[in-house]
Amino acid sequence: MSQSFPVSWSSVEVAVPQTPVQAEKLSNYDLVLQCQVGHRPEKAVFAELMRRYQSHVDKVLYHLAPDWQDRADLAQEVWIRVYRNIPRLNEPVKFRGWLSRIATNLFYDELRKRKRTASPLSLDAPLSLEDGELDWEIASETPGPDEELSTREFYDQLNDAIADLPEVFRTTIVLREIEGMAYEEIAEITGVSLGTVKSRIARARLRLQTQLQQYLDGK
Amino acid sequence: MSSQGQSESNLHGDSLYETPKDRFELLSAYLDGEVTATERRQVEEWLANDPTVQQLHARLLKLRQAFRSIPAPAPSQPVEAAIDQVFDKIERRPNLSLVRGVNTQRFAIPMSVAAMFVGAVTVFGLNRLQSPSAPQPVAVQQSEPLETGGLMVALDQPVVAIPKTTSPNVKTPENKPFDHKGGDAH
């Protein structure tokens, strides 16, 4: 037995230079595949995945929950779920959508918890936040003032306008425009009909394009 | 404005979309590709003939473009710190049984001061306290009292005293939150 070891060691040594994975050199797709190797992702590989997609998680959570102060904790929970479940992701090419979905589900779990604990307010809130809140006034055809907003100012205004939308409208338009979900998927996540999704998206857009008309007509 | 579009739409005989609301909603769904073939034809007809719809459509396209190019917000925390904390949590959660073991020993130490035969008692005490973290061994340990039935008489007092002081303290702060969180990774 002892004689067989030197032989196997030499063959291992030949293979070694090829095995170390330099995570930062992998394509996004290969990185996800590498995270699926073994029972749990390797730390270096998973850390690289976090470096590449943390800004996406931040973006999704920022727009879904602009006024929550503990989004960093929520983002960490997203990654813990990713870590535990990524070996079971069937279509690695859809990782980004899957990641968005995990962040969204976590947001809704948390939202439900917070609404339960803040029930005295939320009993009244749905009445005013339901679909009657945003009106359908179509903006004037006349173009806004000539002055153009700088790009940065525009994005600041867009962020503010999204954050100012009533919650159900904000989450619906974010799922559509930031996460790229189809109406059916949004309906499933938010627990409303397709017609309601369609209406909420349209009304959110109407309000945003009215508020940002100055820029949108500017170019 | 909208009345102009409305009269135009009536000219095209689309009485289903009389109000600005209906027209805007359809235009919005068209943008997302969430329309039927008939609805698509309807919107394309408006786009060919109705300046109001043309302008709204142009705005909505720009709005969409803006959404897609919206910069990421300031990071919720530096990514390297997030990586460290995530792995800290990942590595901490599965090792709960070790953490519990340390704490139960801490509870056992004052007891050893209380009585001379506590050494023997803590062996039983630890077995009992550790059982919640590892459900399977419980069945094995339950068979022990049968063999040591005679000893139970001698240990009568300490055995009664231990659960009162230790069990509730050990269970509540640690088992509950971690077990709950660990179970719903989804």
# chains A, B, ... in the order shown; residues from 1 in each chain; ligands from 1
call {"tool": "interface_residues", "arguments": {"of": "chain B", "to": "chain A", "cutoff": "7 Å", "atoms": "only C-alpha atoms", "output": "number ranges by chain"}}
result
B: 1, 21, 24-25, 28-29, 59-60, 62-63, 67-68, 70, 72-73, 75-77, 79, 82-83, 86, 90, 185-186
call {"tool": "write_last_selection", "arguments": {"atoms": "N, CA and C atoms", "output": "PDB file, in the first residue's frame"}}
result
ATOM      1  N   MET B   1     -56.165  68.276 -26.272  1.00  0.00           N
ATOM      2  CA  MET B   1     -55.199  67.306 -25.755  1.00  0.00           C
ATOM      3  C   MET B   1     -55.766  65.899 -25.807  1.00  0.00           C
ATOM      4  N   LYS B  21     -57.607  56.903 -19.770  1.00  0.00           N
ATOM      5  CA  LYS B  21     -57.147  55.802 -18.914  1.00  0.00           C
ATOM      6  C   LYS B  21     -56.980  54.511 -19.723  1.00  0.00           C
ATOM      7  N   PHE B  24     -54.149  54.878 -22.289  1.00  0.00           N
ATOM      8  CA  PHE B  24     -52.810  54.882 -21.692  1.00  0.00           C
ATOM      9  C   PHE B  24     -52.440  53.486 -21.193  1.00  0.00           C
ATOM     10  N   GLU B  25     -53.416  52.839 -20.582  1.00  0.00           N
ATOM     11  CA  GLU B  25     -53.158  51.502 -20.041  1.00  0.00           C
ATOM     12  C   GLU B  25     -52.780  50.532 -21.156  1.00  0.00           C
ATOM     13  N   SER B  28     -49.305  51.315 -22.390  1.00  0.00           N
ATOM     14  CA  SER B  28     -48.328  50.833 -21.422  1.00  0.00           C
ATOM     15  C   SER B  28     -48.129  49.315 -21.555  1.00  0.00           C
ATOM     16  N   ALA B  29     -49.232  48.595 -21.688  1.00  0.00           N
ATOM     17  CA  ALA B  29     -49.137  47.134 -21.835  1.00  0.00           C
ATOM     18  C   ALA B  29     -48.464  46.776 -23.165  1.00  0.00           C
ATOM     19  N   ARG B  59     -42.372  59.412 -24.741  1.00  0.00           N
ATOM     20  CA  ARG B  59     -42.000  59.643 -23.327  1.00  0.00           C
ATOM     21  C   ARG B  59     -41.800  58.328 -22.592  1.00  0.00           C
ATOM     22  N   LEU B  60     -42.719  57.413 -22.835  1.00  0.00           N
ATOM     23  CA  LEU B  60     -42.624  56.133 -22.119  1.00  0.00           C
ATOM     24  C   LEU B  60     -41.373  55.352 -22.517  1.00  0.00           C
ATOM     25  N   LYS B  62     -38.566  56.726 -23.355  1.00  0.00           N
ATOM     26  CA  LYS B  62     -37.454  57.373 -22.653  1.00  0.00           C
ATOM     27  C   LYS B  62     -37.458  57.003 -21.174  1.00  0.00           C
ATOM     28  N   LEU B  63     -38.645  56.912 -20.631  1.00  0.00           N
ATOM     29  CA  LEU B  63     -38.743  56.527 -19.221  1.00  0.00           C
ATOM     30  C   LEU B  63     -38.171  55.120 -19.022  1.00  0.00           C
ATOM     31  N   PHE B  67     -35.036  53.906 -16.738  1.00  0.00           N
ATOM     32  CA  PHE B  67     -35.071  52.830 -15.742  1.00  0.00           C
ATOM     33  C   PHE B  67     -33.909  51.874 -15.951  1.00  0.00           C
ATOM     34  N   ARG B  68     -33.662  51.568 -17.212  1.00  0.00           N
ATOM     35  CA  ARG B  68     -32.624  50.565 -17.509  1.00  0.00           C
ATOM     36  C   ARG B  68     -31.229  51.087 -17.241  1.00  0.00           C
ATOM     37  N   ILE B  70     -30.536  53.453 -14.979  1.00  0.00           N
ATOM     38  CA  ILE B  70     -30.474  54.112 -13.674  1.00  0.00           C
ATOM     39  C   ILE B  70     -29.239  53.591 -12.911  1.00  0.00           C
ATOM     40  N   ALA B  72     -26.661  52.371 -10.044  1.00  0.00           N
ATOM     41  CA  ALA B  72     -26.860  51.680  -8.761  1.00  0.00           C
ATOM     42  C   ALA B  72     -26.769  52.712  -7.641  1.00  0.00           C
ATOM     43  N   PRO B  73     -27.560  52.545  -6.609  1.00  0.00           N
ATOM     44  CA  PRO B  73     -27.487  53.481  -5.485  1.00  0.00           C
ATOM     45  C   PRO B  73     -26.173  53.317  -4.738  1.00  0.00           C
ATOM     46  N   PRO B  75     -23.712  51.949  -2.225  1.00  0.00           N
ATOM     47  CA  PRO B  75     -23.780  50.609  -1.637  1.00  0.00           C
ATOM     48  C   PRO B  75     -24.343  50.648  -0.220  1.00  0.00           C
ATOM     49  N   SER B  76     -25.153  49.633   0.111  1.00  0.00           N
ATOM     50  CA  SER B  76     -25.718  49.578   1.458  1.00  0.00           C
ATOM     51  C   SER B  76     -24.600  49.385   2.485  1.00  0.00           C
ATOM     52  N   GLN B  77     -23.508  48.754   2.056  1.00  0.00           N
ATOM     53  CA  GLN B  77     -22.284  48.666   2.865  1.00  0.00           C
ATOM     54  C   GLN B  77     -21.173  48.227   1.919  1.00  0.00           C
ATOM     55  N   VAL B  79     -18.652  46.166  -0.105  1.00  0.00           N
ATOM     56  CA  VAL B  79     -18.901  44.768  -0.460  1.00  0.00           C
ATOM     57  C   VAL B  79     -18.005  43.809   0.319  1.00  0.00           C
ATOM     58  N   ALA B  82     -19.551  43.198   3.535  1.00  0.00           N
ATOM     59  CA  ALA B  82     -20.729  42.335   3.369  1.00  0.00           C
ATOM     60  C   ALA B  82     -20.302  40.876   3.240  1.00  0.00           C
ATOM     61  N   ILE B  83     -19.242  40.633   2.454  1.00  0.00           N
ATOM     62  CA  ILE B  83     -18.747  39.259   2.278  1.00  0.00           C
ATOM     63  C   ILE B  83     -18.339  38.673   3.638  1.00  0.00           C
ATOM     64  N   VAL B  86     -21.465  38.006   5.771  1.00  0.00           N
ATOM     65  CA  VAL B  86     -22.269  36.890   5.270  1.00  0.00           C
ATOM     66  C   VAL B  86     -21.603  35.565   5.661  1.00  0.00           C
ATOM     67  N   ILE B  90     -22.937  32.572   7.934  1.00  0.00           N
ATOM     68  CA  ILE B  90     -23.045  31.213   7.385  1.00  0.00           C
ATOM     69  C   ILE B  90     -22.272  30.228   8.256  1.00  0.00           C
ATOM     70  N   ALA B 185     -34.521  28.791   4.903  1.00  0.00           N
ATOM     71  CA  ALA B 185     -33.719  29.246   3.761  1.00  0.00           C
ATOM     72  C   ALA B 185     -34.425  28.836   2.493  1.00  0.00           C
ATOM     73  N   HIS B 186     -34.904  29.775   1.770  1.00  0.00           N
ATOM     74  CA  HIS B 186     -35.708  29.425   0.608  1.00  0.00           C
ATOM     75  C   HIS B 186     -35.518  30.432  -0.490  1.00  0.00           C
TER      76      HIS B 186
END
call {"tool": "residues_around", "arguments": {"residues": "A:Thr190", "least_positions_apart": "4", "cutoff": "10 Å", "atoms": "only C-alpha atoms", "output": "number ranges by chain"}}
result
A: 105, 108, 168, 171-172, 175, 184-186, 197
call {"tool": "write_last_selection", "arguments": {"atoms": "all heavy atoms", "output": "PDB file, in the first residue's frame"}}
result
ATOM      1  N   ASN A 105     -38.624  38.221  -2.788  1.00  0.00           N
ATOM      2  CA  ASN A 105     -39.348  37.398  -1.810  1.00  0.00           C
ATOM      3  C   ASN A 105     -38.991  37.792  -0.382  1.00  0.00           C
ATOM      4  O   ASN A 105     -39.857  37.870   0.487  1.00  0.00           O
ATOM      5  CB  ASN A 105     -39.028  35.912  -2.019  1.00  0.00           C
ATOM      6  CG  ASN A 105     -39.715  35.355  -3.247  1.00  0.00           C
ATOM      7  OD1 ASN A 105     -40.663  35.945  -3.752  1.00  0.00           O
ATOM      8  ND2 ASN A 105     -39.231  34.241  -3.734  1.00  0.00           N
ATOM      9  N   TYR A 108     -40.719  40.978   0.513  1.00  0.00           N
ATOM     10  CA  TYR A 108     -42.141  40.799   0.845  1.00  0.00           C
ATOM     11  C   TYR A 108     -42.335  40.093   2.185  1.00  0.00           C
ATOM     12  O   TYR A 108     -43.253  40.417   2.938  1.00  0.00           O
ATOM     13  CB  TYR A 108     -42.876  40.050  -0.276  1.00  0.00           C
ATOM     14  CG  TYR A 108     -43.352  41.010  -1.350  1.00  0.00           C
ATOM     15  CD1 TYR A 108     -42.696  41.118  -2.557  1.00  0.00           C
ATOM     16  CD2 TYR A 108     -44.440  41.852  -1.125  1.00  0.00           C
ATOM     17  CE1 TYR A 108     -43.108  42.025  -3.524  1.00  0.00           C
ATOM     18  CE2 TYR A 108     -44.859  42.759  -2.071  1.00  0.00           C
ATOM     19  CZ  TYR A 108     -44.189  42.843  -3.278  1.00  0.00           C
ATOM     20  OH  TYR A 108     -44.599  43.750  -4.219  1.00  0.00           O
ATOM     21  N   VAL A 168     -47.759  50.153  -3.391  1.00  0.00           N
ATOM     22  CA  VAL A 168     -48.147  49.102  -4.339  1.00  0.00           C
ATOM     23  C   VAL A 168     -47.756  49.467  -5.766  1.00  0.00           C
ATOM     24  O   VAL A 168     -47.410  48.596  -6.577  1.00  0.00           O
ATOM     25  CB  VAL A 168     -49.657  48.779  -4.284  1.00  0.00           C
ATOM     26  CG1 VAL A 168     -50.016  48.150  -2.954  1.00  0.00           C
ATOM     27  CG2 VAL A 168     -50.521  49.987  -4.569  1.00  0.00           C
ATOM     28  N   THR A 171     -43.670  49.133  -5.941  1.00  0.00           N
ATOM     29  CA  THR A 171     -43.161  47.762  -6.029  1.00  0.00           C
ATOM     30  C   THR A 171     -43.505  47.149  -7.394  1.00  0.00           C
ATOM     31  O   THR A 171     -42.677  46.458  -7.990  1.00  0.00           O
ATOM     32  CB  THR A 171     -43.741  46.883  -4.901  1.00  0.00           C
ATOM     33  OG1 THR A 171     -45.152  47.070  -4.844  1.00  0.00           O
ATOM     34  CG2 THR A 171     -43.144  47.249  -3.566  1.00  0.00           C
ATOM     35  N   THR A 172     -44.695  47.440  -7.887  1.00  0.00           N
ATOM     36  CA  THR A 172     -45.094  46.839  -9.165  1.00  0.00           C
ATOM     37  C   THR A 172     -44.223  47.343 -10.319  1.00  0.00           C
ATOM     38  O   THR A 172     -43.741  46.550 -11.131  1.00  0.00           O
ATOM     39  CB  THR A 172     -46.578  47.135  -9.457  1.00  0.00           C
ATOM     40  OG1 THR A 172     -47.352  46.792  -8.311  1.00  0.00           O
ATOM     41  CG2 THR A 172     -47.076  46.312 -10.619  1.00  0.00           C
ATOM     42  N   LEU A 175     -40.692  45.872 -10.039  1.00  0.00           N
ATOM     43  CA  LEU A 175     -40.611  44.475 -10.482  1.00  0.00           C
ATOM     44  C   LEU A 175     -40.598  44.412 -12.009  1.00  0.00           C
ATOM     45  O   LEU A 175     -39.917  43.585 -12.609  1.00  0.00           O
ATOM     46  CB  LEU A 175     -41.792  43.655  -9.939  1.00  0.00           C
ATOM     47  CG  LEU A 175     -41.866  43.487  -8.425  1.00  0.00           C
ATOM     48  CD1 LEU A 175     -43.015  42.569  -8.044  1.00  0.00           C
ATOM     49  CD2 LEU A 175     -40.569  42.940  -7.854  1.00  0.00           C
ATOM     50  N   GLU A 184     -47.459  38.278 -15.421  1.00  0.00           N
ATOM     51  CA  GLU A 184     -47.953  37.095 -14.707  1.00  0.00           C
ATOM     52  C   GLU A 184     -47.116  36.828 -13.445  1.00  0.00           C
ATOM     53  O   GLU A 184     -47.656  36.490 -12.393  1.00  0.00           O
ATOM     54  CB  GLU A 184     -47.888  35.891 -15.649  1.00  0.00           C
ATOM     55  CG  GLU A 184     -48.763  34.749 -15.194  1.00  0.00           C
ATOM     56  CD  GLU A 184     -48.883  33.679 -16.270  1.00  0.00           C
ATOM     57  OE1 GLU A 184     -48.579  33.966 -17.444  1.00  0.00           O
ATOM     58  OE2 GLU A 184     -49.259  32.560 -15.907  1.00  0.00           O
ATOM     59  N   GLU A 185     -45.829  36.982 -13.577  1.00  0.00           N
ATOM     60  CA  GLU A 185     -44.944  36.764 -12.437  1.00  0.00           C
ATOM     61  C   GLU A 185     -45.198  37.818 -11.353  1.00  0.00           C
ATOM     62  O   GLU A 185     -45.205  37.517 -10.157  1.00  0.00           O
ATOM     63  CB  GLU A 185     -43.491  36.838 -12.926  1.00  0.00           C
ATOM     64  CG  GLU A 185     -42.503  36.167 -11.999  1.00  0.00           C
ATOM     65  CD  GLU A 185     -41.090  36.154 -12.571  1.00  0.00           C
ATOM     66  OE1 GLU A 185     -40.887  36.689 -13.687  1.00  0.00           O
ATOM     67  OE2 GLU A 185     -40.196  35.622 -11.895  1.00  0.00           O
ATOM     68  N   ILE A 186     -45.414  39.044 -11.790  1.00  0.00           N
ATOM     69  CA  ILE A 186     -45.690  40.120 -10.829  1.00  0.00           C
ATOM     70  C   ILE A 186     -47.012  39.841 -10.105  1.00  0.00           C
ATOM     71  O   ILE A 186     -47.122  40.013  -8.884  1.00  0.00           O
ATOM     72  CB  ILE A 186     -45.746  41.489 -11.541  1.00  0.00           C
ATOM     73  CG1 ILE A 186     -44.395  41.800 -12.198  1.00  0.00           C
ATOM     74  CG2 ILE A 186     -46.136  42.589 -10.565  1.00  0.00           C
ATOM     75  CD1 ILE A 186     -44.399  43.028 -13.088  1.00  0.00           C
ATOM     76  N   VAL A 197     -52.283  44.389 -12.086  1.00  0.00           N
ATOM     77  CA  VAL A 197     -50.873  44.630 -12.402  1.00  0.00           C
ATOM     78  C   VAL A 197     -50.763  45.615 -13.569  1.00  0.00           C
ATOM     79  O   VAL A 197     -50.023  46.605 -13.510  1.00  0.00           O
ATOM     80  CB  VAL A 197     -50.155  43.306 -12.770  1.00  0.00           C
ATOM     81  CG1 VAL A 197     -48.763  43.567 -13.332  1.00  0.00           C
ATOM     82  CG2 VAL A 197     -50.064  42.402 -11.550  1.00  0.00           C
TER      83      VAL A 197
END
call {"tool": "select_by_dssp", "arguments": {"residues": "stretch 22-109 of chain A", "states": "helix (DSSP H, G or I)", "output": "PyMOL selection string"}}
result
chain A and resi 23-25+28-35+43-64+71-88+92-109
call {"tool": "residues_around", "arguments": {"residues": "A:Val37", "least_positions_apart": "3", "cutoff": "12 Å", "atoms": "only C-alpha atoms", "output": "PDB file with C-alpha atoms, in the first residue's frame"}}
result
ATOM      1  CA  VAL A  21      -9.913  28.467 -10.132  1.00  0.00           C
ATOM      2  CA  ASP A  30     -18.944  30.117 -15.377  1.00  0.00           C
ATOM      3  CA  LEU A  31     -18.794  31.760 -11.990  1.00  0.00           C
ATOM      4  CA  VAL A  32     -22.321  30.634 -11.227  1.00  0.00           C
ATOM      5  CA  LEU A  33     -21.476  27.136 -12.446  1.00  0.00           C
ATOM      6  CA  GLN A  34     -18.423  27.120 -10.211  1.00  0.00           C
ATOM      7  CA  ARG A  40     -21.685  24.355  -0.785  1.00  0.00           C
ATOM      8  CA  PRO A  41     -19.961  27.085  -2.830  1.00  0.00           C
ATOM      9  CA  GLU A  42     -16.293  27.657  -2.221  1.00  0.00           C
ATOM     10  CA  LYS A  43     -15.675  30.880  -0.317  1.00  0.00           C
ATOM     11  CA  VAL A  45     -15.808  31.823  -5.715  1.00  0.00           C
ATOM     12  CA  PHE A  46     -18.883  32.914  -3.809  1.00  0.00           C
ATOM     13  CA  TYR A  83     -25.391  30.464  -0.730  1.00  0.00           C
ATOM     14  CA  ILE A  86     -27.466  27.965  -5.503  1.00  0.00           C
ATOM     15  CA  PRO A  87     -26.537  24.283  -5.908  1.00  0.00           C
ATOM     16  CA  ARG A  88     -30.199  23.697  -6.732  1.00  0.00           C
ATOM     17  CA  LEU A  89     -30.500  26.487  -9.324  1.00  0.00           C
TER      18      LEU A  89
END
